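Presented below is the structure to which this report refers.
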Amino acid sequence: MPYMGYYGIDMYYIVLVLPCVLFAFWAQSQVNGTFNRYSRVMSRRGLTGAQAAQAVLRANGVTGVSIEYVAGKLTDHFDPRTNTIRLSASVYQSTSVASIGVAAHEAGHAVQYAVGYSPIRLRNAIVPLTQVGATAAMPLILMGLVLNFGVLIKVGIINNDPNESGYRTANDKDLKAMFTEENGYDASFAYSLKNDEQIAAAQKFIQDEVDYLLISAAGTSGWDSVLQDAQAAGIQVILFDRTIDADESLYVASIVSDMAKEGQTAVDWLASQNLETYNIIHIQGVMGSAAQIGRTGALDEQVAANDNWNMVTQQTAEWNAETAQQIVQSVIDSGKEFNVIYAENDDMAKGAVAALDKANISHGVGKDVIVMGFDCNKWALEELLAGNWNYDGQCNPFQASYIDAIIKDLQAGKAPAEKTIIMDEKGFDASTITQEDVDNYGI
């Protein structure tokens with residue numbers, strides 16, 4: 001995977017080239033600064049640069065070397081092809097210490113060449129190449145920056161169907177707002193509520209050579225093989241929203257809700273209502289998903305541990321409101337008594353309430369049936385505020401900024417500060433919720 005920095009700039013290019021550019025500017029500034037400083041110091045003997053060069057040649061018995069004027073500043077050099085020392089205007093006629101030093105330096109090269117000093121021949125052989133390099137360096141550096149700027153980070157995002165629930169719609173909207181070309185990403189999205197279809201999408205993204213694979217898994221199991229393939233291809237995997245049953249070495253980070261804690265918080269709240277008997281209709285989400293497992297677990301344990309907690313029915317509606325309504329209607333038609341609706345998302349709670357309303361069964365604060373949901377859709381929190389529902393558990397859908405920060409760290413060569421980030425979440429009670437809560441936490 002390329003080592004890309006913020007907004008897709010290749011950080012290897014910056015790390016390797018920038019120090020060289022800075023050093024070159026520093027060296028040049030040192031040469032210019034020293035020359036300018038000593039250009040103000042005049043020679044006591046009043047020799048010009050040209051006279052100083054001639055004196056060096058004469059002292060070493062070198063003949064046949066001409067001394068010429070050349071345009072420019074610090075363009076002084078010895079040309080062995082024509083046996084000529086060329087001195088710039090600021091050196092040729094100047095009597096400064098700086099000009100004498102430069103002229104003597106170039107005359108020294110002529111002496112080295114005359115006596116057969118082998119390193120000078122090697123130096124002169126590569127001078128043309130260095131001149132080409134010096135001329136082309138800055139244009140090439142700038143071209144490299146231009147070509148590297150705007151290279152997008154390629155991400156493949158696997159999510160559940162946005163129409164699954166209000167939570168999922170908000171989650172998908174958050175991801176699409178973050179992973180844009182403007183933010184330096186080339187993002188592709190794949191959606192499914194089925195694990196095998198998601199795994200197939202992951203394999204396709206691996207073939208497409210994405211840089212990052214972001215996954216909100218429909219189910220917790222079956223991911224090891226495809227994640228191993230991603231790792232072998234140098235693709236970094238980040239989990240969001242839901243956990244999976246896989247070795248932690250197969251992904252670099254996870255930004256998830258603690259579904260078990262969500263379930264436990266909800267069940268603790270329900271226990272605090274101190275009902276004489278709990279007759280519960282439990283409407284589950286997609287079986288095997290992290291949300292279903294977490295929100296089911298605490299309730300199952302409570303029912304198993306308490307004789308006055310009864311499961312009237314426990315069925316999956318797969319997050320669907322209409323299916324939830326059918327489940328509750330079936331219980332109503334059977335004549336079984338119930339006083340709690342425990343729905344694992346707001347949409348299913350809404351479907352359950354539709355069945356209650358149709359049968360003229362009261363629900364909410366101080367009424368016949370306690371209604372519980374999850375996700376904190378704004379409309380659901382408004383039902384709490386109105387007293388029509390009793391409890392709603394928060395599930396924070398806004399994970400994109402956390403993922404973006406992790407990718408930026410990885411691009412900069414830093415490991416994520418935390419392997420697992422647990423989203424901050426709470427539960428809301430109809431007796432204490434405020435309009436501010438609805439405005440701040442409703443999705």
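Lettering and numbering for the structure tokens are positional, with chains as A, B, ... in the shown order, residues counted from 1 in each chain, and ligands counted from 1 in the shown order.
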Within segment 201-429 of chain A, find each residue whose DSSP state, derived from the backbone, is strand (DSSP E or B), and express the selection as a compact mmCIF listing (two decimals) with N, CA and C atoms, in the first residue's frame.
# COMPACT_ATOMS: atom_id res chain seq x y z
N TYR A 212 -7.89 0.57 1.95
CA TYR A 212 -8.53 0.25 3.23
C TYR A 212 -9.86 -0.44 2.97
N LEU A 213 -10.19 -1.37 3.86
CA LEU A 213 -11.46 -2.08 3.81
C LEU A 213 -12.19 -1.77 5.12
N LEU A 214 -13.34 -1.11 5.02
CA LEU A 214 -14.14 -0.73 6.19
C LEU A 214 -15.38 -1.61 6.23
N ILE A 215 -15.61 -2.26 7.37
CA ILE A 215 -16.65 -3.29 7.42
C ILE A 215 -17.57 -3.09 8.63
N GLN A 236 -5.43 -2.66 4.76
CA GLN A 236 -5.73 -2.49 6.18
C GLN A 236 -7.25 -2.53 6.39
N VAL A 237 -7.66 -3.28 7.40
CA VAL A 237 -9.09 -3.47 7.68
C VAL A 237 -9.47 -2.71 8.95
N ILE A 238 -10.56 -1.96 8.86
CA ILE A 238 -11.11 -1.24 10.02
C ILE A 238 -12.56 -1.65 10.17
N LEU A 239 -12.91 -2.12 11.34
CA LEU A 239 -14.30 -2.48 11.63
C LEU A 239 -15.02 -1.26 12.18
N PHE A 240 -16.29 -1.11 11.82
CA PHE A 240 -17.09 -0.04 12.42
C PHE A 240 -18.49 -0.57 12.75
N ASP A 241 -19.09 0.04 13.73
CA ASP A 241 -20.46 -0.26 14.15
C ASP A 241 -20.59 -1.60 14.87
N ALA A 253 -8.12 -1.72 13.62
CA ALA A 253 -8.90 -0.97 14.61
C ALA A 253 -10.37 -1.30 14.45
N SER A 254 -11.12 -1.04 15.50
CA SER A 254 -12.58 -1.18 15.43
C SER A 254 -13.21 -0.02 16.19
N ILE A 255 -14.22 0.56 15.58
CA ILE A 255 -14.99 1.65 16.19
C ILE A 255 -16.41 1.14 16.32
N VAL A 256 -16.78 0.74 17.50
CA VAL A 256 -18.02 -0.04 17.65
C VAL A 256 -18.84 0.42 18.85
N TYR A 278 -43.20 -9.65 34.89
CA TYR A 278 -42.77 -9.16 33.58
C TYR A 278 -43.17 -10.20 32.53
N ASN A 279 -44.13 -9.85 31.70
CA ASN A 279 -44.53 -10.70 30.58
C ASN A 279 -44.09 -10.00 29.29
N ILE A 280 -43.06 -10.53 28.67
CA ILE A 280 -42.31 -9.78 27.67
C ILE A 280 -42.49 -10.34 26.26
N ILE A 281 -42.83 -9.45 25.33
CA ILE A 281 -42.71 -9.76 23.90
C ILE A 281 -41.34 -9.24 23.46
N HIS A 282 -40.48 -10.15 23.09
CA HIS A 282 -39.11 -9.80 22.70
C HIS A 282 -38.99 -9.89 21.18
N ILE A 283 -38.78 -8.74 20.53
CA ILE A 283 -38.66 -8.69 19.08
C ILE A 283 -37.19 -8.46 18.74
N GLN A 284 -36.60 -9.46 18.09
CA GLN A 284 -35.16 -9.43 17.84
C GLN A 284 -34.82 -8.90 16.45
N TRP A 309 -40.06 -13.14 35.61
CA TRP A 309 -39.78 -12.64 34.26
C TRP A 309 -40.13 -13.76 33.28
N ASN A 310 -41.10 -13.47 32.42
CA ASN A 310 -41.60 -14.49 31.48
C ASN A 310 -41.46 -14.01 30.04
N MET A 311 -41.00 -14.90 29.18
CA MET A 311 -40.90 -14.58 27.76
C MET A 311 -42.16 -15.08 27.07
N VAL A 312 -43.04 -14.15 26.75
CA VAL A 312 -44.28 -14.52 26.07
C VAL A 312 -43.97 -15.03 24.67
N THR A 313 -43.12 -14.30 23.96
CA THR A 313 -42.61 -14.76 22.67
C THR A 313 -41.29 -14.06 22.41
N GLN A 314 -40.45 -14.74 21.67
CA GLN A 314 -39.15 -14.20 21.28
C GLN A 314 -38.93 -14.56 19.81
N GLN A 315 -39.07 -13.55 18.95
CA GLN A 315 -38.98 -13.80 17.51
C GLN A 315 -38.19 -12.68 16.83
N THR A 316 -37.58 -13.02 15.71
CA THR A 316 -36.88 -12.00 14.93
C THR A 316 -37.81 -11.35 13.93
N VAL A 340 -44.81 -5.86 28.46
CA VAL A 340 -43.54 -5.26 28.03
C VAL A 340 -43.29 -5.60 26.55
N ILE A 341 -43.00 -4.58 25.77
CA ILE A 341 -42.47 -4.76 24.42
C ILE A 341 -40.99 -4.40 24.46
N TYR A 342 -40.14 -5.38 24.22
CA TYR A 342 -38.69 -5.14 24.18
C TYR A 342 -38.26 -5.36 22.74
N ALA A 343 -38.14 -4.24 21.99
CA ALA A 343 -37.80 -4.32 20.57
C ALA A 343 -36.36 -3.85 20.39
N HIS A 363 -50.29 2.24 26.03
CA HIS A 363 -48.85 2.00 26.17
C HIS A 363 -48.15 3.29 26.55
N VAL A 369 -48.82 -1.17 28.79
CA VAL A 369 -47.64 -1.84 28.20
C VAL A 369 -46.44 -0.89 28.17
N ILE A 370 -45.31 -1.37 28.67
CA ILE A 370 -44.04 -0.65 28.55
C ILE A 370 -43.47 -0.90 27.16
N VAL A 371 -43.06 0.18 26.51
CA VAL A 371 -42.47 0.08 25.17
C VAL A 371 -41.01 0.50 25.22
N MET A 372 -40.15 -0.41 24.72
CA MET A 372 -38.71 -0.15 24.72
C MET A 372 -38.15 -0.33 23.30
N GLY A 373 -37.28 0.60 22.92
CA GLY A 373 -36.61 0.50 21.63
C GLY A 373 -35.13 0.83 21.76
N PHE A 374 -34.44 0.82 20.63
CA PHE A 374 -33.02 1.17 20.58
C PHE A 374 -32.76 1.99 19.31
N ASP A 375 -31.77 2.85 19.40
CA ASP A 375 -31.16 3.63 18.30
C ASP A 375 -31.32 5.12 18.47
N TYR A 391 -38.74 3.77 27.10
CA TYR A 391 -37.27 3.72 27.13
C TYR A 391 -36.73 3.61 25.70
N ASP A 392 -35.59 4.28 25.48
CA ASP A 392 -34.89 4.12 24.20
C ASP A 392 -33.39 4.11 24.46
N GLY A 393 -32.72 3.07 23.97
CA GLY A 393 -31.29 2.93 24.16
C GLY A 393 -30.53 3.53 22.99
N GLN A 394 -29.53 4.35 23.30
CA GLN A 394 -28.77 5.01 22.24
C GLN A 394 -27.79 4.05 21.57
N THR A 420 -9.43 -0.63 19.94
CA THR A 420 -10.89 -0.64 19.95
C THR A 420 -11.40 0.65 20.56
N ILE A 421 -12.25 1.35 19.83
CA ILE A 421 -12.89 2.56 20.32
C ILE A 421 -14.36 2.24 20.55
N ILE A 422 -14.80 2.39 21.79
CA ILE A 422 -16.20 2.15 22.13
C ILE A 422 -16.93 3.48 22.11
N GLY A 427 -28.87 5.51 27.80
CA GLY A 427 -30.28 5.15 27.64
C GLY A 427 -31.16 6.30 28.12
N PHE A 428 -32.34 6.46 27.50
CA PHE A 428 -33.23 7.56 27.86
C PHE A 428 -34.55 7.03 28.42
N ASP A 429 -34.99 7.65 29.50
CA ASP A 429 -36.21 7.29 30.22
C ASP A 429 -37.26 8.36 29.94
Need the shell around Ala290 of chain A: protein/DNA/RNA residues with any atom at most 12 Å away, counting only C-alpha atoms. Skip same-chain ones fewer than 5 positions apart. Format as a PyMOL selection string?
chain A and resi 216-221+240-245+256-263+284-285+295-297+344
Selection from above, N, CA and C atoms, as a short mmCIF file (atom, residue, chain, number, x, y, z; two decimals), in the first residue's frame, can you write it?
data_model
loop_
_atom_site.label_atom_id
_atom_site.label_comp_id
_atom_site.auth_asym_id
_atom_site.auth_seq_id
_atom_site.Cartn_x
_atom_site.Cartn_y
_atom_site.Cartn_z
N SER A 216 -18.87 -3.06 8.35
CA SER A 216 -19.89 -3.22 9.38
C SER A 216 -20.59 -4.54 9.06
N ALA A 217 -20.20 -5.58 9.76
CA ALA A 217 -20.58 -6.94 9.39
C ALA A 217 -22.04 -7.25 9.72
N ALA A 218 -22.70 -7.90 8.78
CA ALA A 218 -24.08 -8.36 9.01
C ALA A 218 -24.11 -9.46 10.07
N GLY A 219 -23.09 -10.32 10.05
CA GLY A 219 -22.97 -11.41 11.03
C GLY A 219 -21.58 -11.43 11.62
N THR A 220 -21.43 -12.04 12.77
CA THR A 220 -20.14 -11.99 13.47
C THR A 220 -19.15 -13.05 13.00
N SER A 221 -19.61 -14.10 12.35
CA SER A 221 -18.72 -15.22 12.02
C SER A 221 -18.45 -15.30 10.52
N PHE A 240 -16.29 -1.11 11.82
CA PHE A 240 -17.09 -0.04 12.42
C PHE A 240 -18.49 -0.57 12.75
N ASP A 241 -19.09 0.04 13.73
CA ASP A 241 -20.46 -0.26 14.15
C ASP A 241 -20.59 -1.60 14.87
N ARG A 242 -20.06 -2.68 14.27
CA ARG A 242 -20.27 -4.01 14.83
C ARG A 242 -18.96 -4.80 14.91
N THR A 243 -18.87 -5.64 15.92
CA THR A 243 -17.70 -6.50 16.07
C THR A 243 -17.89 -7.79 15.28
N ILE A 244 -16.79 -8.54 15.13
CA ILE A 244 -16.85 -9.85 14.49
C ILE A 244 -16.03 -10.83 15.32
N ASP A 245 -16.26 -12.12 15.09
CA ASP A 245 -15.48 -13.16 15.76
C ASP A 245 -14.27 -13.49 14.88
N VAL A 256 -16.78 0.74 17.50
CA VAL A 256 -18.02 -0.04 17.65
C VAL A 256 -18.84 0.42 18.85
N SER A 257 -20.07 0.04 18.83
CA SER A 257 -20.94 0.18 20.00
C SER A 257 -20.79 -1.07 20.85
N ASP A 258 -20.90 -0.88 22.14
CA ASP A 258 -20.88 -2.02 23.07
C ASP A 258 -22.32 -2.52 23.18
N MET A 259 -22.65 -3.43 22.28
CA MET A 259 -24.04 -3.90 22.21
C MET A 259 -24.48 -4.62 23.48
N ALA A 260 -23.55 -5.36 24.09
CA ALA A 260 -23.88 -6.06 25.34
C ALA A 260 -24.19 -5.06 26.44
N LYS A 261 -23.42 -3.96 26.47
CA LYS A 261 -23.68 -2.92 27.47
C LYS A 261 -25.01 -2.24 27.19
N GLU A 262 -25.31 -2.01 25.90
CA GLU A 262 -26.62 -1.44 25.56
C GLU A 262 -27.74 -2.30 26.11
N GLY A 263 -27.60 -3.61 25.88
CA GLY A 263 -28.63 -4.54 26.35
C GLY A 263 -28.73 -4.55 27.87
N GLN A 284 -36.60 -9.46 18.09
CA GLN A 284 -35.16 -9.43 17.84
C GLN A 284 -34.82 -8.90 16.45
N GLY A 285 -33.56 -8.45 16.33
CA GLY A 285 -33.04 -8.02 15.04
C GLY A 285 -32.56 -9.21 14.22
N ARG A 295 -28.02 -7.23 22.52
CA ARG A 295 -29.27 -6.77 23.12
C ARG A 295 -30.14 -7.92 23.60
N THR A 296 -29.90 -9.10 23.06
CA THR A 296 -30.65 -10.28 23.51
C THR A 296 -30.05 -10.88 24.77
N GLY A 297 -28.72 -10.88 24.87
CA GLY A 297 -28.03 -11.60 25.93
C GLY A 297 -28.46 -11.23 27.33
N GLU A 344 -35.59 -4.57 19.59
CA GLU A 344 -34.16 -4.31 19.49
C GLU A 344 -33.79 -3.18 18.54
#
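Atom pair atom CA of Ala187 of chain A / atom CA of Ser225 of chain A: separated by 23.2 Å.
What separates atom CA of Asn339 of chain A from atom CA of Lys358 of chain A is a distance of 16.2 Å.
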Please run DSSP on the backbone and report, as a PyMOL selection string, all residues within segment 9-258 of chain A that come out as alpha helix (DSSP H).
chain A and resi 11-38+49-59+89-92+97-114+118-148+166-178+195-207+224-232
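With atom CA of Ile120 of chain A on one side and atom CA of Val21 of chain A on the other, the separation reads 26.6 Å.
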If we count only C-alpha atoms and set the cut-off at 12 Å, which residues sit around segment 365-367 of chain A, ignoring sequence neighbours fewer than 3 positions away in its own chain? Please answer as a ChimeraX atom specification.
/A:273,275,339-340,356,360-362,370-372,383-391,429-432
Suppose we keep C-alpha atoms; can you now write the selection as a PDB file, in the first residue's frame?
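Written output follows (result21.pdb):
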ATOM      1  CA  GLN A 273     -39.536  -0.483  37.153  1.00  0.00           C
ATOM      2  CA  LEU A 275     -43.199  -4.765  38.099  1.00  0.00           C
ATOM      3  CA  ASN A 339     -46.955  -5.904  29.626  1.00  0.00           C
ATOM      4  CA  VAL A 340     -43.536  -5.261  28.026  1.00  0.00           C
ATOM      5  CA  LEU A 356     -51.164  -2.045  20.131  1.00  0.00           C
ATOM      6  CA  ASN A 360     -56.713  -0.142  21.573  1.00  0.00           C
ATOM      7  CA  ILE A 361     -54.101  -1.302  24.092  1.00  0.00           C
ATOM      8  CA  SER A 362     -52.617   1.618  26.025  1.00  0.00           C
ATOM      9  CA  ILE A 370     -44.037  -0.650  28.553  1.00  0.00           C
ATOM     10  CA  VAL A 371     -42.473   0.076  25.166  1.00  0.00           C
ATOM     11  CA  MET A 372     -38.710  -0.155  24.722  1.00  0.00           C
ATOM     12  CA  GLU A 383     -42.489   9.449  21.480  1.00  0.00           C
ATOM     13  CA  LEU A 384     -40.651   9.190  24.821  1.00  0.00           C
ATOM     14  CA  LEU A 385     -41.070  12.919  25.436  1.00  0.00           C
ATOM     15  CA  ALA A 386     -44.811  12.548  24.769  1.00  0.00           C
ATOM     16  CA  GLY A 387     -44.991   9.589  27.194  1.00  0.00           C
ATOM     17  CA  ASN A 388     -46.053   7.108  24.502  1.00  0.00           C
ATOM     18  CA  TRP A 389     -42.870   5.031  24.878  1.00  0.00           C
ATOM     19  CA  ASN A 390     -40.914   4.324  28.048  1.00  0.00           C
ATOM     20  CA  TYR A 391     -37.270   3.721  27.130  1.00  0.00           C
ATOM     21  CA  ASP A 429     -36.212   7.288  30.221  1.00  0.00           C
ATOM     22  CA  ALA A 430     -39.547   8.889  29.323  1.00  0.00           C
ATOM     23  CA  SER A 431     -39.836  10.272  32.846  1.00  0.00           C
ATOM     24  CA  THR A 432     -36.601  12.270  32.612  1.00  0.00           C
TER      25      THR A 432
END
Which neighbours of Gly351 of chain A fall inside 7 Å, counting only C-alpha atoms, when residues of the same chain fewer than 3 positions from it are skipped, and could you give them as a ChimeraX atom specification?
/A:321-322,324-325,347-348,354-355
Those residues with N, CA and C atoms, as a PDB file, in the first residue's frame please?
ATOM      1  N   ALA A 321     -40.329  -3.067  10.666  1.00  0.00           N
ATOM      2  CA  ALA A 321     -41.496  -2.619  11.423  1.00  0.00           C
ATOM      3  C   ALA A 321     -42.731  -3.466  11.125  1.00  0.00           C
ATOM      4  N   GLU A 322     -42.977  -3.765   9.863  1.00  0.00           N
ATOM      5  CA  GLU A 322     -44.179  -4.524   9.508  1.00  0.00           C
ATOM      6  C   GLU A 322     -44.147  -5.925  10.095  1.00  0.00           C
ATOM      7  N   ALA A 324     -42.543  -6.802  12.783  1.00  0.00           N
ATOM      8  CA  ALA A 324     -42.741  -6.635  14.229  1.00  0.00           C
ATOM      9  C   ALA A 324     -44.230  -6.467  14.553  1.00  0.00           C
ATOM     10  N   GLN A 325     -44.923  -5.706  13.737  1.00  0.00           N
ATOM     11  CA  GLN A 325     -46.363  -5.512  13.951  1.00  0.00           C
ATOM     12  C   GLN A 325     -47.106  -6.846  13.850  1.00  0.00           C
ATOM     13  N   ASP A 347     -37.496   0.966  14.808  1.00  0.00           N
ATOM     14  CA  ASP A 347     -38.476   0.643  13.774  1.00  0.00           C
ATOM     15  C   ASP A 347     -39.366  -0.514  14.191  1.00  0.00           C
ATOM     16  N   MET A 348     -38.775  -1.532  14.815  1.00  0.00           N
ATOM     17  CA  MET A 348     -39.588  -2.667  15.272  1.00  0.00           C
ATOM     18  C   MET A 348     -40.487  -2.254  16.429  1.00  0.00           C
ATOM     19  N   ALA A 354     -47.902  -0.002  16.558  1.00  0.00           N
ATOM     20  CA  ALA A 354     -49.015   0.043  15.590  1.00  0.00           C
ATOM     21  C   ALA A 354     -50.023  -1.054  15.882  1.00  0.00           C
ATOM     22  N   ALA A 355     -49.509  -2.235  16.257  1.00  0.00           N
ATOM     23  CA  ALA A 355     -50.416  -3.340  16.606  1.00  0.00           C
ATOM     24  C   ALA A 355     -51.172  -3.033  17.898  1.00  0.00           C
TER      25      ALA A 355
END
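With only C-alpha atoms taken into account, the protein and nucleic acid residues at most 12 Å from Glu436 of chain A (excluding it and anything under 3 positions from it in its own chain) are A:Lys378, A:Leu381, A:Glu382, A:Leu385, A:Thr432, A:Ile433, A:Asp439, A:Asn440, A:Tyr441, A:Gly442.
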Neighbour list for segment 30-47 of chain A as a PyMOL selection string, cut-off 8 Å, only C-alpha atoms, skip fewer than 2 positions in-chain:
chain A and resi 26-28+49+51-52+95-100
Could the residues in this selection be saved with C-alpha atoms as an mmCIF file, in the first residue's frame?
data_model
loop_
_atom_site.group_PDB
_atom_site.id
_atom_site.type_symbol
_atom_site.label_atom_id
_atom_site.label_comp_id
_atom_site.auth_asym_id
_atom_site.auth_seq_id
_atom_site.Cartn_x
_atom_site.Cartn_y
_atom_site.Cartn_z
ATOM 1 C CA TRP A 26 20.642 26.093 3.071
ATOM 2 C CA ALA A 27 23.964 25.298 1.358
ATOM 3 C CA GLN A 28 23.348 27.839 -1.380
ATOM 4 C CA GLY A 49 40.440 38.228 -9.043
ATOM 5 C CA GLN A 51 45.407 38.877 -11.224
ATOM 6 C CA ALA A 52 45.149 36.468 -8.280
ATOM 7 C CA THR A 95 39.806 43.374 -5.350
ATOM 8 C CA SER A 96 37.816 41.855 -2.482
ATOM 9 C CA VAL A 97 39.008 38.949 -0.372
ATOM 10 C CA ALA A 98 35.992 36.944 -1.626
ATOM 11 C CA SER A 99 36.863 37.443 -5.311
ATOM 12 C CA ILE A 100 40.518 36.539 -4.749
#
